[in-house]
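Read the structure below first, then the notes.
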Amino acid sequence: MSQKCICALSLCLLAATRLPGDEGMWLANQFPKQAIEKKYGFQVSDDLLKHIQLSSVRFNNGGSGSFVSPNGLLFTNHHVGRDCIQKVSSAQNDYIANGFYASSLAKEKKCPDLEINVLLRIEEVTEQVNSKTAGKMEASEANRARKAAMTAIEKECVGKTGNRCDVVSLYSGGRYDLYQYRKFTDVRLVFAPEETIAAFGGDPDNFTYPRYCLDFSLFRAYENGKPVQPEHYFKWSRAGVEDGELTFVPGNPGTTGRLMTVAQLEFARDKSYPLILRFLESMIKAVKSYSAAGPENKRVAGDNLLSFENSFKAYTGFLNGLRDSTLMARKREEEQTLRGAVMADAARQEKYGAVWSQVGNAYQEYGEFYKQYLLLESYAIRGSELFTITRDILRLVEEKQKPDEQRLREYRDSALPSLEQSMYSPAPLTDSMEVAVIANYFRILMTELGPEDPTVKRLLGGKSPDAAAASYVQTSKLKDIGERRRLAGSLEALRSSEDGMLRLARILDEPARSARKLYEDRLEAVINTSAARLALARFATAGENAYPDATFTFRIAYGPAKGYRLNNQPIPYATNFAGLYKRATGIEPFNLPQSWVKAKSKLNLRTPFNFVTTADTHGGNSGSPTINTKGEVIGILFDGNIESLPNRFVYTEETARSVHVASQGIIEALRKVYKAKAILRELGMEK
């Protein structure tokens with residue numbers, strides 16, 4: 001994006017008061033300060049924005065969090081920390097079921113493969129990226145040139161700073177920023193409540209409100225064997241959240257589709273989302289069947305089941321939004337308005353007039369191979385950690401034979417430290433869980449691609465899905481970290497190995513790479529060119545909507561704590577402990593842990609537990625701290641209600657809400673249920 005366009009964009013952002021309600025997942029360096037001052041009478045200072053950015057963290061397993069003490073204490077959701085909590089658990093010490101509390105540093109449990117990032121600085125690099133696409137190029141060639149430029153920029157940044165460096169595409173490729181992160185890989189578990197209270201109500205209550213969940217956990221970041229001493233951290237509010245209070249929610253929302261064209265939305269509605277839902281529904285059934293075999297199976301399968309169920313419910317909400325005629329009519333109207341403005345100006349028409357048809361044609365082509373891309377590449381054997389490790393070993397060795405700028409992006413030199421941490425994770429793997437997931441994946445392929453598909457036939461080798469899966473897992477040595485390192489260190493060893501999981505990865509790799517190349521050359525290349533031009537067209541005609549779609553990078557949302565009306569009934573902004581005990585039936589998933597049953601008489605049942613705000617958040621924001629205008633913690637975001645899911649495409653705030661755990665509820669629980677005095681002292685809540 002040109003400097004002229006950036007300047008115009010900044011002016012447009014200052015006019016953001018025309019955005020509906022509190023819409024916007026805002027970049028820290030383009031925050032709508034004047035709009036907030038006009039609406040709420042609060043001046044957002046640059047110092048506050050800097051403090052918010054440097055106190056916040058990204059959990060690289062897909063969530064957000066924050067520093068909340070000068071001694072490196074980290075605050076996030078239980079469901080964000082769950083992966084580590086399960087990996088440090090065992091059949092003898094089940095911290096998912098029983099909770100965990102380290103009353104001293106020596107008792108903290110080190111996570112085997114968790115990384116957290118603190119965003120240090122942002123630098124625009126649009127011209128450096130786009131300079132490699134000067135002159136006439138095919139879209140696919142330009143796409144490769146941009147990726148090569150991004151890789152080179154990242155490599156130079158890592159070499160100069162030692163930080164984690166990622167080039168981020170914003171505004172559908174209309175702008176590129178270089179994000180520098182301070183990275184911590186020694187992260188230890190400090191506290192986790194029992195899952196029955198952290199996820200009270202389970203899947204039935206997921207994406208609903210009113211809610212009653214203690215969905216938080218605490219970790220600590222270490223460096224050189226000692227707790228990190230962050231310069232910036234959030235202090236804890238003594239007052240807690242109040243009705244109508246303005247809140248800020250910093251975090252890393254995953255992906256949204258508000259800038260998507262109607263053609264893209266229709267493809268998601270008619271093709272890709274239904275396929276993803278069929279995939280997830282099948283996996284849920286398989287994992288539930290596995291879990292039913294016994295308590296240890298249930299413990300081992302917990303992460304997979306939670307992930308699949310959460311994704312299924314989310315995509316159901318997204319699809320319902322796209323099937324809503326009112327929402328789609330609004331998106332068509334927005335697109336027609338933009339096209340009309342473009343076509344009314346000869347210069348704009350020449351620059352942008354053809355992009356809608358280009359995007360539409362690209363998605364027509366994608367319809368020919370989207371199943372292969374989703375099933376063989378992006379969704380390949382979801383839930384199998386052993387397959388993920390194996391594919392990474394296979395591809396890493398092969399990609400390292402190429403120049404850095406020609407590799408698949410996830411295997412570039414600057415990404416290798418994070419990749420290798422997960423590849424060589426000592427986290428336990430369970431053969432029976434692996435077999436169950438892989439076998440069901442084979443059944444999905446048989447249904448979606450057909451039993452006569454060449455890849456399906458090669459994978460099965462004449463066996464049943466269960467027998468084939470068992471054969472691959474049982475003839476693999478890749479649960480051993482030493483074997484992983486041996487194969488990853490030698491191209492010859494890799495190619496000569498008959499390891500079962502490597503054989504599986506090899507069979508999948510050729511058709512998966514082929515589908516990925518088609519995706520990148522025929523769809524991604526067009527989108528990164530045409531959608532970027534669409535973004536520029538929006539800047540030229542409707543700049544007040546100029547915040548970018550979410551990209552799992554740092555954003556700040558805002559909005560008041562505020563109830564709503566549903567079916568003509570008032571829904572209060574907050575729930576309390578009394579409501580929790582009223583909803584508890586004693587039957588899963590509405591059963592309480594014994595610690596909460598015993599503590600009932602000691603608790604102030606009027607204490608706020610969960611609350612809602614109008615903050616514009618999305619998946620990836622899980623674990624985001626909720627802070628007040630003083631920069632103090634008043635809660636933590638953990639969900640949105642079902643009415644908020646179509647906000648992936650169009651923001652509304654009539655009934656859509658973000659759902660948070662109240663800081664008062666957390667302190668009351670730490671004090672009276674868990675007697676966690678060391679944590680309370682560290683948070684400044686007890687002498």
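Identifiers in this document derive from the order of the structure tokens: chains are assigned A, B, ..., residues are numbered from 1 separately in each chain, and ligands are numbered from 1 in order of occurrence.
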Taking a cut-off of 8 Å and counting only C-alpha atoms, can you build a table that, for each residue of range 252-364 of chain A near range 504-528 of chain A, reports the nearest atom pair and how far apart they are in Å (one decimal), sorted by chain then residue number, as a tab-separated table?
residue	atom	partner	partner_atom	distance
A:Gln358	CA	A:Val526	CA	7.2
A:Val359	CA	A:Ile527	CA	6.4
A:Ala362	CA	A:Leu523	CA	5.4
A:Tyr363	CA	A:Leu523	CA	6.8
Given the selection you just returned, output its residues as a file containing C-alpha atoms, formatted as a PDB file, in the first residue's frame.
ATOM      1  CA  GLN A 358     -11.816 -12.459 -11.135  1.00  0.00           C
ATOM      2  CA  VAL A 359     -12.608 -13.601  -7.591  1.00  0.00           C
ATOM      3  CA  ALA A 362     -11.232 -18.301  -9.099  1.00  0.00           C
ATOM      4  CA  TYR A 363     -13.817 -19.791  -6.739  1.00  0.00           C
TER       5      TYR A 363
END
Give one line per residue of range 188-224 of chain A that approaches range 292-313 of chain A to at most 8 Å, naming the two atoms of the closest pair and their distance in Å to one decimal, counting only C-alpha atoms; sort by chain then ascending residue number and deliver it as a Markdown table.
| residue | atom | partner | partner_atom | distance |
| --- | --- | --- | --- | --- |
| A:Asp203 | CA | A:Glu309 | CA | 7.0 |
| A:Asn206 | CA | A:Asn310 | CA | 7.5 |
| A:Phe207 | CA | A:Lys313 | CA | 7.8 |
Name the residues of range 261-441 of chain A that come out as alpha helix (DSSP H) in a backbone DSSP run; write them as a CSV table (one decimal) with N, CA and C atoms, in the first residue's frame.
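Saved to selection-v1.csv:
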chain,number,residue,atom,x,y,z
A,262,VAL,N,-19.3,-11.5,-2.1
A,262,VAL,CA,-20.4,-12.4,-2.1
A,262,VAL,C,-20.1,-13.8,-2.6
A,263,ALA,N,-19.3,-13.8,-3.7
A,263,ALA,CA,-18.9,-15.1,-4.3
A,263,ALA,C,-18.1,-15.9,-3.3
A,264,GLN,N,-17.3,-15.3,-2.5
A,264,GLN,CA,-16.6,-16.1,-1.4
A,264,GLN,C,-17.5,-16.6,-0.3
A,265,LEU,N,-18.4,-15.8,0.1
A,265,LEU,CA,-19.4,-16.2,1.1
A,265,LEU,C,-20.3,-17.3,0.6
A,266,GLU,N,-20.7,-17.2,-0.7
A,266,GLU,CA,-21.6,-18.3,-1.2
A,266,GLU,C,-20.8,-19.6,-1.3
A,267,PHE,N,-19.6,-19.5,-1.7
A,267,PHE,CA,-18.8,-20.7,-1.7
A,267,PHE,C,-18.7,-21.4,-0.3
A,273,TYR,N,-18.0,-24.9,4.0
A,273,TYR,CA,-18.5,-25.1,5.4
A,273,TYR,C,-19.2,-26.4,5.6
A,274,PRO,N,-20.1,-26.8,4.7
A,274,PRO,CA,-20.8,-28.1,4.8
A,274,PRO,C,-19.8,-29.3,4.9
A,275,LEU,N,-18.8,-29.2,4.1
A,275,LEU,CA,-17.7,-30.3,4.1
A,275,LEU,C,-17.0,-30.3,5.5
A,276,ILE,N,-16.6,-29.1,5.9
A,276,ILE,CA,-16.0,-29.1,7.2
A,276,ILE,C,-16.9,-29.6,8.3
A,277,LEU,N,-18.2,-29.3,8.3
A,277,LEU,CA,-19.1,-29.7,9.3
A,277,LEU,C,-19.3,-31.3,9.3
A,278,ARG,N,-19.3,-31.8,8.1
A,278,ARG,CA,-19.4,-33.3,7.9
A,278,ARG,C,-18.1,-33.9,8.5
A,279,PHE,N,-17.0,-33.4,8.2
A,279,PHE,CA,-15.7,-33.9,8.8
A,279,PHE,C,-15.8,-33.8,10.3
A,280,LEU,N,-16.1,-32.7,10.9
A,280,LEU,CA,-16.1,-32.5,12.3
A,280,LEU,C,-17.2,-33.4,13.0
A,281,GLU,N,-18.3,-33.5,12.4
A,281,GLU,CA,-19.4,-34.4,13.0
A,281,GLU,C,-18.9,-35.9,13.0
A,282,SER,N,-18.3,-36.3,12.0
A,282,SER,CA,-17.7,-37.7,12.0
A,282,SER,C,-16.7,-37.9,13.0
A,283,MET,N,-15.8,-36.9,13.2
A,283,MET,CA,-14.7,-37.0,14.2
A,283,MET,C,-15.3,-37.0,15.6
A,284,ILE,N,-16.3,-36.2,15.8
A,284,ILE,CA,-16.9,-36.2,17.2
A,284,ILE,C,-17.5,-37.6,17.5
A,285,LYS,N,-18.2,-38.2,16.6
A,285,LYS,CA,-18.8,-39.5,16.8
A,285,LYS,C,-17.7,-40.5,17.1
A,286,ALA,N,-16.6,-40.5,16.4
A,286,ALA,CA,-15.5,-41.4,16.6
A,286,ALA,C,-14.8,-41.2,17.9
A,287,VAL,N,-14.6,-40.0,18.3
A,287,VAL,CA,-13.9,-39.7,19.6
A,287,VAL,C,-14.8,-40.0,20.8
A,288,LYS,N,-16.1,-39.8,20.6
A,288,LYS,CA,-17.0,-40.2,21.7
A,288,LYS,C,-17.1,-41.7,21.9
A,289,SER,N,-17.1,-42.4,20.7
A,289,SER,CA,-17.0,-43.8,20.8
A,289,SER,C,-15.8,-44.3,21.5
A,290,TYR,N,-14.6,-43.7,21.2
A,290,TYR,CA,-13.4,-44.1,21.8
A,290,TYR,C,-13.5,-43.8,23.3
A,291,SER,N,-14.0,-42.6,23.7
A,291,SER,CA,-14.0,-42.2,25.1
A,291,SER,C,-14.9,-43.1,25.9
A,295,PRO,N,-12.5,-44.8,31.5
A,295,PRO,CA,-12.1,-43.5,32.1
A,295,PRO,C,-10.7,-43.0,31.5
A,296,GLU,N,-9.8,-43.9,31.3
A,296,GLU,CA,-8.5,-43.4,30.7
A,296,GLU,C,-8.7,-43.0,29.3
A,297,ASN,N,-9.5,-43.7,28.5
A,297,ASN,CA,-9.8,-43.3,27.1
A,297,ASN,C,-10.4,-41.9,27.2
A,298,LYS,N,-11.3,-41.7,28.1
A,298,LYS,CA,-12.0,-40.4,28.2
A,298,LYS,C,-11.0,-39.3,28.5
A,299,ARG,N,-10.1,-39.6,29.4
A,299,ARG,CA,-9.1,-38.6,29.7
A,299,ARG,C,-8.2,-38.2,28.5
A,300,VAL,N,-7.7,-39.3,27.9
A,300,VAL,CA,-6.8,-39.1,26.7
A,300,VAL,C,-7.5,-38.3,25.6
A,301,ALA,N,-8.8,-38.6,25.4
A,301,ALA,CA,-9.5,-38.0,24.3
A,301,ALA,C,-10.1,-36.6,24.5
A,302,GLY,N,-9.9,-36.1,25.8
A,302,GLY,CA,-10.6,-34.9,26.2
A,302,GLY,C,-10.3,-33.7,25.3
A,303,ASP,N,-9.0,-33.5,25.0
A,303,ASP,CA,-8.6,-32.4,24.1
A,303,ASP,C,-9.2,-32.4,22.8
A,304,ASN,N,-9.1,-33.6,22.1
A,304,ASN,CA,-9.7,-33.8,20.8
A,304,ASN,C,-11.2,-33.5,20.8
A,305,LEU,N,-11.9,-34.1,21.8
A,305,LEU,CA,-13.3,-33.9,21.8
A,305,LEU,C,-13.7,-32.5,22.0
A,306,LEU,N,-13.1,-31.8,22.9
A,306,LEU,CA,-13.3,-30.4,23.1
A,306,LEU,C,-13.1,-29.6,21.9
A,307,SER,N,-12.0,-29.8,21.2
A,307,SER,CA,-11.7,-29.1,20.0
A,307,SER,C,-12.7,-29.3,18.9
A,308,PHE,N,-13.0,-30.6,18.6
A,308,PHE,CA,-13.9,-30.9,17.6
A,308,PHE,C,-15.3,-30.4,17.9
A,309,GLU,N,-15.8,-30.5,19.1
A,309,GLU,CA,-17.1,-30.0,19.4
A,309,GLU,C,-17.2,-28.5,19.4
A,310,ASN,N,-16.2,-27.8,19.8
A,310,ASN,CA,-16.2,-26.4,19.8
A,310,ASN,C,-16.2,-25.9,18.3
A,311,SER,N,-15.4,-26.5,17.5
A,311,SER,CA,-15.3,-26.1,16.1
A,311,SER,C,-16.6,-26.4,15.4
A,312,PHE,N,-17.3,-27.5,15.7
A,312,PHE,CA,-18.5,-27.9,15.1
A,312,PHE,C,-19.6,-26.9,15.4
A,313,LYS,N,-19.7,-26.5,16.7
A,313,LYS,CA,-20.7,-25.5,17.0
A,313,LYS,C,-20.4,-24.2,16.4
A,314,ALA,N,-19.1,-23.8,16.4
A,314,ALA,CA,-18.8,-22.5,15.7
A,314,ALA,C,-19.2,-22.5,14.3
A,315,TYR,N,-18.8,-23.5,13.5
A,315,TYR,CA,-19.1,-23.5,12.1
A,315,TYR,C,-20.6,-23.7,11.8
A,316,THR,N,-21.3,-24.3,12.7
A,316,THR,CA,-22.7,-24.3,12.6
A,316,THR,C,-23.3,-22.9,12.7
A,317,GLY,N,-22.8,-22.1,13.6
A,317,GLY,CA,-23.2,-20.7,13.8
A,317,GLY,C,-22.8,-19.9,12.5
A,318,PHE,N,-21.6,-20.1,12.0
A,318,PHE,CA,-21.2,-19.4,10.8
A,318,PHE,C,-22.1,-19.7,9.7
A,319,LEU,N,-22.4,-21.0,9.5
A,319,LEU,CA,-23.2,-21.4,8.4
A,319,LEU,C,-24.6,-20.9,8.5
A,320,ASN,N,-25.2,-20.9,9.7
A,320,ASN,CA,-26.5,-20.4,9.9
A,320,ASN,C,-26.5,-18.9,9.5
A,321,GLY,N,-25.4,-18.2,9.8
A,321,GLY,CA,-25.4,-16.8,9.5
A,321,GLY,C,-25.4,-16.6,8.0
A,322,LEU,N,-24.7,-17.4,7.2
A,322,LEU,CA,-24.6,-17.3,5.8
A,322,LEU,C,-25.9,-17.8,5.1
A,325,SER,N,-31.1,-15.0,5.2
A,325,SER,CA,-31.4,-14.2,4.0
A,325,SER,C,-31.1,-12.7,4.3
A,326,THR,N,-31.4,-12.2,5.5
A,326,THR,CA,-31.1,-10.8,5.9
A,326,THR,C,-29.7,-10.5,5.8
A,327,LEU,N,-28.8,-11.4,6.4
A,327,LEU,CA,-27.4,-11.1,6.4
A,327,LEU,C,-26.9,-11.1,5.0
A,328,MET,N,-27.2,-12.1,4.2
A,328,MET,CA,-26.7,-12.1,2.8
A,328,MET,C,-27.2,-10.9,2.0
A,329,ALA,N,-28.5,-10.5,2.2
A,329,ALA,CA,-29.0,-9.3,1.5
A,329,ALA,C,-28.1,-8.1,1.9
A,330,ARG,N,-27.8,-8.0,3.1
A,330,ARG,CA,-26.9,-6.9,3.6
A,330,ARG,C,-25.6,-6.9,2.9
A,331,LYS,N,-24.9,-8.1,2.8
A,331,LYS,CA,-23.6,-8.3,2.1
A,331,LYS,C,-23.8,-7.9,0.6
A,332,ARG,N,-24.8,-8.4,0.0
A,332,ARG,CA,-25.0,-8.0,-1.4
A,332,ARG,C,-25.2,-6.5,-1.6
A,333,GLU,N,-25.9,-5.9,-0.7
A,333,GLU,CA,-26.1,-4.5,-0.8
A,333,GLU,C,-24.8,-3.7,-0.6
A,334,GLU,N,-24.0,-4.2,0.3
A,334,GLU,CA,-22.7,-3.5,0.5
A,334,GLU,C,-21.8,-3.7,-0.7
A,335,GLU,N,-21.8,-4.9,-1.3
A,335,GLU,CA,-21.0,-5.1,-2.5
A,335,GLU,C,-21.5,-4.3,-3.7
A,336,GLN,N,-22.8,-4.2,-3.9
A,336,GLN,CA,-23.4,-3.4,-5.0
A,336,GLN,C,-23.1,-1.9,-4.8
A,337,THR,N,-23.2,-1.5,-3.6
A,337,THR,CA,-22.8,-0.1,-3.3
A,337,THR,C,-21.4,0.2,-3.7
A,338,LEU,N,-20.5,-0.7,-3.3
A,338,LEU,CA,-19.1,-0.5,-3.6
A,338,LEU,C,-18.8,-0.6,-5.1
A,339,ARG,N,-19.4,-1.5,-5.7
A,339,ARG,CA,-19.3,-1.7,-7.2
A,339,ARG,C,-19.8,-0.5,-7.9
A,340,GLY,N,-21.0,0.1,-7.4
A,340,GLY,CA,-21.5,1.2,-8.0
A,340,GLY,C,-20.6,2.4,-8.0
A,341,ALA,N,-20.0,2.6,-6.8
A,341,ALA,CA,-19.1,3.7,-6.6
A,341,ALA,C,-17.8,3.6,-7.5
A,342,VAL,N,-17.4,2.3,-7.7
A,342,VAL,CA,-16.2,2.1,-8.5
A,342,VAL,C,-16.6,2.4,-10.0
A,343,MET,N,-17.7,1.8,-10.4
A,343,MET,CA,-18.1,2.0,-11.8
A,343,MET,C,-18.5,3.4,-12.2
A,346,ALA,N,-14.3,6.7,-13.7
A,346,ALA,CA,-13.5,6.0,-14.8
A,346,ALA,C,-12.2,5.5,-14.3
A,347,ALA,N,-11.5,6.2,-13.5
A,347,ALA,CA,-10.2,5.8,-13.0
A,347,ALA,C,-10.3,4.6,-12.1
A,348,ARG,N,-11.3,4.7,-11.2
A,348,ARG,CA,-11.5,3.5,-10.3
A,348,ARG,C,-12.0,2.3,-11.1
A,349,GLN,N,-12.8,2.5,-12.1
A,349,GLN,CA,-13.3,1.4,-12.9
A,349,GLN,C,-12.2,0.7,-13.6
A,350,GLU,N,-11.2,1.5,-14.1
A,350,GLU,CA,-10.1,0.8,-14.7
A,350,GLU,C,-9.2,0.0,-13.8
A,351,LYS,N,-9.1,0.6,-12.5
A,351,LYS,CA,-8.2,-0.1,-11.5
A,351,LYS,C,-8.9,-1.3,-10.9
A,352,TYR,N,-10.2,-1.2,-10.6
A,352,TYR,CA,-10.9,-2.1,-9.7
A,352,TYR,C,-12.0,-2.8,-10.4
A,355,VAL,N,-12.3,-6.9,-10.6
A,355,VAL,CA,-11.9,-7.8,-9.5
A,355,VAL,C,-13.0,-8.7,-9.1
A,356,TRP,N,-14.2,-8.3,-9.1
A,356,TRP,CA,-15.3,-9.2,-8.6
A,356,TRP,C,-15.4,-10.4,-9.5
A,357,SER,N,-15.3,-10.2,-10.8
A,357,SER,CA,-15.4,-11.4,-11.7
A,357,SER,C,-14.2,-12.3,-11.6
A,358,GLN,N,-13.0,-11.7,-11.3
A,358,GLN,CA,-11.8,-12.5,-11.1
A,358,GLN,C,-11.9,-13.4,-9.9
A,359,VAL,N,-12.4,-12.8,-8.8
A,359,VAL,CA,-12.6,-13.6,-7.6
A,359,VAL,C,-13.7,-14.7,-7.8
A,360,GLY,N,-14.7,-14.3,-8.5
A,360,GLY,CA,-15.8,-15.3,-8.7
A,360,GLY,C,-15.3,-16.5,-9.6
A,361,ASN,N,-14.5,-16.2,-10.6
A,361,ASN,CA,-14.0,-17.2,-11.5
A,361,ASN,C,-13.0,-18.1,-10.8
A,362,ALA,N,-12.2,-17.5,-9.9
A,362,ALA,CA,-11.2,-18.3,-9.1
A,362,ALA,C,-12.0,-19.3,-8.2
A,363,TYR,N,-13.1,-18.9,-7.6
A,363,TYR,CA,-13.8,-19.8,-6.7
A,363,TYR,C,-14.6,-20.9,-7.5
A,364,GLN,N,-14.9,-20.6,-8.7
A,364,GLN,CA,-15.5,-21.6,-9.6
A,364,GLN,C,-14.5,-22.7,-9.9
A,365,GLU,N,-13.2,-22.3,-10.1
A,365,GLU,CA,-12.1,-23.2,-10.3
A,365,GLU,C,-11.9,-24.0,-9.0
A,366,TYR,N,-11.9,-23.3,-7.9
A,366,TYR,CA,-11.6,-24.0,-6.6
A,366,TYR,C,-12.7,-25.1,-6.4
A,370,TYR,N,-11.6,-28.4,-4.2
A,370,TYR,CA,-11.6,-28.0,-2.8
A,370,TYR,C,-11.6,-29.1,-1.8
A,371,LYS,N,-12.3,-30.2,-2.2
A,371,LYS,CA,-12.3,-31.4,-1.3
A,371,LYS,C,-10.9,-32.0,-1.1
A,372,GLN,N,-10.1,-32.1,-2.2
A,372,GLN,CA,-8.8,-32.6,-2.1
A,372,GLN,C,-7.9,-31.7,-1.2
A,373,TYR,N,-8.1,-30.4,-1.4
A,373,TYR,CA,-7.2,-29.4,-0.6
A,373,TYR,C,-7.6,-29.5,0.8
A,385,GLU,N,-1.7,-36.2,16.7
A,385,GLU,CA,-0.4,-35.4,16.9
A,385,GLU,C,0.8,-36.2,16.3
A,386,LEU,N,0.7,-37.5,16.2
A,386,LEU,CA,1.8,-38.3,15.7
A,386,LEU,C,1.9,-38.1,14.2
A,387,PHE,N,0.7,-37.9,13.5
A,387,PHE,CA,0.8,-37.6,12.0
A,387,PHE,C,1.3,-36.2,11.8
A,388,THR,N,0.9,-35.2,12.6
A,388,THR,CA,1.4,-33.9,12.5
A,388,THR,C,3.0,-33.8,12.6
A,389,ILE,N,3.5,-34.5,13.6
A,389,ILE,CA,4.9,-34.6,13.8
A,389,ILE,C,5.6,-35.3,12.6
A,390,THR,N,5.0,-36.4,12.1
A,390,THR,CA,5.6,-37.1,11.0
A,390,THR,C,5.6,-36.3,9.7
A,391,ARG,N,4.5,-35.6,9.4
A,391,ARG,CA,4.5,-34.8,8.2
A,391,ARG,C,5.5,-33.7,8.3
A,392,ASP,N,5.6,-33.1,9.5
A,392,ASP,CA,6.6,-32.0,9.6
A,392,ASP,C,8.0,-32.5,9.4
A,393,ILE,N,8.4,-33.7,9.9
A,393,ILE,CA,9.7,-34.3,9.7
A,393,ILE,C,9.9,-34.5,8.2
A,394,LEU,N,9.0,-35.2,7.6
A,394,LEU,CA,9.1,-35.4,6.2
A,394,LEU,C,9.3,-34.2,5.3
A,395,ARG,N,8.4,-33.2,5.6
A,395,ARG,CA,8.5,-32.0,4.8
A,395,ARG,C,9.7,-31.1,5.1
A,396,LEU,N,10.0,-31.1,6.4
A,396,LEU,CA,11.2,-30.3,6.8
A,396,LEU,C,12.4,-30.7,6.1
A,397,VAL,N,12.7,-32.0,6.1
A,397,VAL,CA,13.9,-32.5,5.5
A,397,VAL,C,13.9,-32.2,4.0
A,398,GLU,N,12.7,-32.4,3.3
A,398,GLU,CA,12.6,-32.1,1.9
A,398,GLU,C,12.7,-30.6,1.6
A,399,GLU,N,12.1,-29.8,2.4
A,399,GLU,CA,12.1,-28.4,2.1
A,399,GLU,C,13.5,-27.8,2.4
A,416,LEU,N,11.7,-22.1,12.0
A,416,LEU,CA,12.1,-23.4,12.4
A,416,LEU,C,12.2,-23.6,14.0
A,417,PRO,N,12.7,-22.6,14.7
A,417,PRO,CA,12.7,-22.8,16.2
A,417,PRO,C,11.4,-23.2,16.8
A,418,SER,N,10.3,-22.5,16.4
A,418,SER,CA,9.0,-22.8,16.9
A,418,SER,C,8.5,-24.2,16.4
A,419,LEU,N,8.8,-24.5,15.1
A,419,LEU,CA,8.4,-25.8,14.5
A,419,LEU,C,9.1,-26.9,15.2
A,420,GLU,N,10.4,-26.8,15.5
A,420,GLU,CA,11.2,-27.9,16.1
A,420,GLU,C,10.8,-28.1,17.5
A,421,GLN,N,10.3,-27.0,18.2
A,421,GLN,CA,9.8,-27.2,19.6
A,421,GLN,C,8.6,-28.2,19.6
A,422,SER,N,7.7,-28.0,18.7
A,422,SER,CA,6.6,-29.0,18.6
A,422,SER,C,7.0,-30.3,18.1
A,423,MET,N,7.9,-30.4,17.1
A,423,MET,CA,8.3,-31.7,16.5
A,423,MET,C,9.0,-32.6,17.6
A,431,ASP,N,-1.2,-44.7,21.5
A,431,ASP,CA,-1.4,-45.4,20.3
A,431,ASP,C,-2.9,-45.6,19.9
A,432,SER,N,-3.7,-46.0,20.9
A,432,SER,CA,-5.1,-46.3,20.7
A,432,SER,C,-5.9,-45.0,20.2
A,433,MET,N,-5.5,-43.9,20.8
A,433,MET,CA,-6.2,-42.6,20.3
A,433,MET,C,-5.8,-42.3,18.9
A,434,GLU,N,-4.5,-42.5,18.6
A,434,GLU,CA,-4.0,-42.3,17.2
A,434,GLU,C,-4.7,-43.2,16.2
A,435,VAL,N,-4.8,-44.4,16.6
A,435,VAL,CA,-5.5,-45.4,15.6
A,435,VAL,C,-6.9,-45.0,15.4
A,436,ALA,N,-7.6,-44.6,16.5
A,436,ALA,CA,-9.1,-44.2,16.3
A,436,ALA,C,-9.2,-43.0,15.4
A,437,VAL,N,-8.4,-42.0,15.6
A,437,VAL,CA,-8.5,-40.8,14.7
A,437,VAL,C,-8.2,-41.1,13.3
A,438,ILE,N,-7.0,-41.8,13.1
A,438,ILE,CA,-6.6,-42.1,11.7
A,438,ILE,C,-7.6,-43.0,11.0
A,439,ALA,N,-8.1,-44.0,11.7
A,439,ALA,CA,-9.1,-44.9,11.0
A,439,ALA,C,-10.3,-44.1,10.6
A,440,ASN,N,-10.8,-43.2,11.5
A,440,ASN,CA,-12.0,-42.4,11.1
A,440,ASN,C,-11.7,-41.5,9.9
A,441,TYR,N,-10.5,-40.9,9.9
A,441,TYR,CA,-10.1,-40.1,8.8
A,441,TYR,C,-10.2,-40.9,7.5
Atomic distance CA of Leu105 in chain A - CA of Ala678 in chain A, expressed in Å with one decimal
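Taking CA of Leu105 in chain A and CA of Ala678 in chain A, their separation equals 10.2 Å.
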Select, from A:Thr255, A:Asn60, A:Asn567, A:Thr529, the residue with the minimum atom-to-atom distance to Arg144 in chain A, counting only C-alpha atoms.
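Closest to Arg144 in chain A of all the choices is A:Thr529.
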A:Leu246, A:Val167, A:Leu178, A:Ala139: which is nearest Lys39 in chain A, counting only C-alpha atoms?
A:Leu246
One decimal, Å: what's the distance from CA of Gln43 in chain A over to CA of Ser624 in chain A, could you say?
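CA of Ser624 in chain A lies at a distance of 21.9 Å from CA of Gln43 in chain A.
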Determine which residues of range 245-465 of chain A receive a DSSP assignment of strand (DSSP E), computed from the backbone, and state them as a count of residues only.
6
Find the residues near Met25 in chain A: any atom within 7 Å, counting only C-alpha atoms, skip ones fewer than 5 places away on the same chain, and give them as a list in words.
Tyr547, Arg555, Ile556, Ala557, Asp616 and Thr617 of chain A
Write out the residues from the selection above, keeping N, CA and C atoms, as a JSON list (two decimals), in the first residue's frame.
[["chain", "number", "residue", "atom", "x", "y", "z"],
["A", 547, "TYR", "N", -10.80, -1.18, 9.19],
["A", 547, "TYR", "CA", -9.98, -2.06, 10.01],
["A", 547, "TYR", "C", -9.88, -3.40, 9.27],
["A", 555, "ARG", "N", -4.87, -7.33, 18.27],
["A", 555, "ARG", "CA", -5.91, -6.33, 18.07],
["A", 555, "ARG", "C", -6.45, -5.89, 19.43],
["A", 556, "ILE", "N", -7.16, -4.77, 19.43],
["A", 556, "ILE", "CA", -7.83, -4.31, 20.65],
["A", 556, "ILE", "C", -9.29, -4.02, 20.30],
["A", 557, "ALA", "N", -10.20, -4.68, 20.99],
["A", 557, "ALA", "CA", -11.63, -4.41, 20.86],
["A", 557, "ALA", "C", -12.08, -3.63, 22.09],
["A", 616, "ASP", "N", -16.04, -6.46, 20.20],
["A", 616, "ASP", "CA", -16.02, -7.19, 18.92],
["A", 616, "ASP", "C", -14.87, -8.19, 18.94],
["A", 617, "THR", "N", -15.16, -9.43, 19.35],
["A", 617, "THR", "CA", -14.12, -10.45, 19.51],
["A", 617, "THR", "C", -14.47, -11.68, 18.67]]
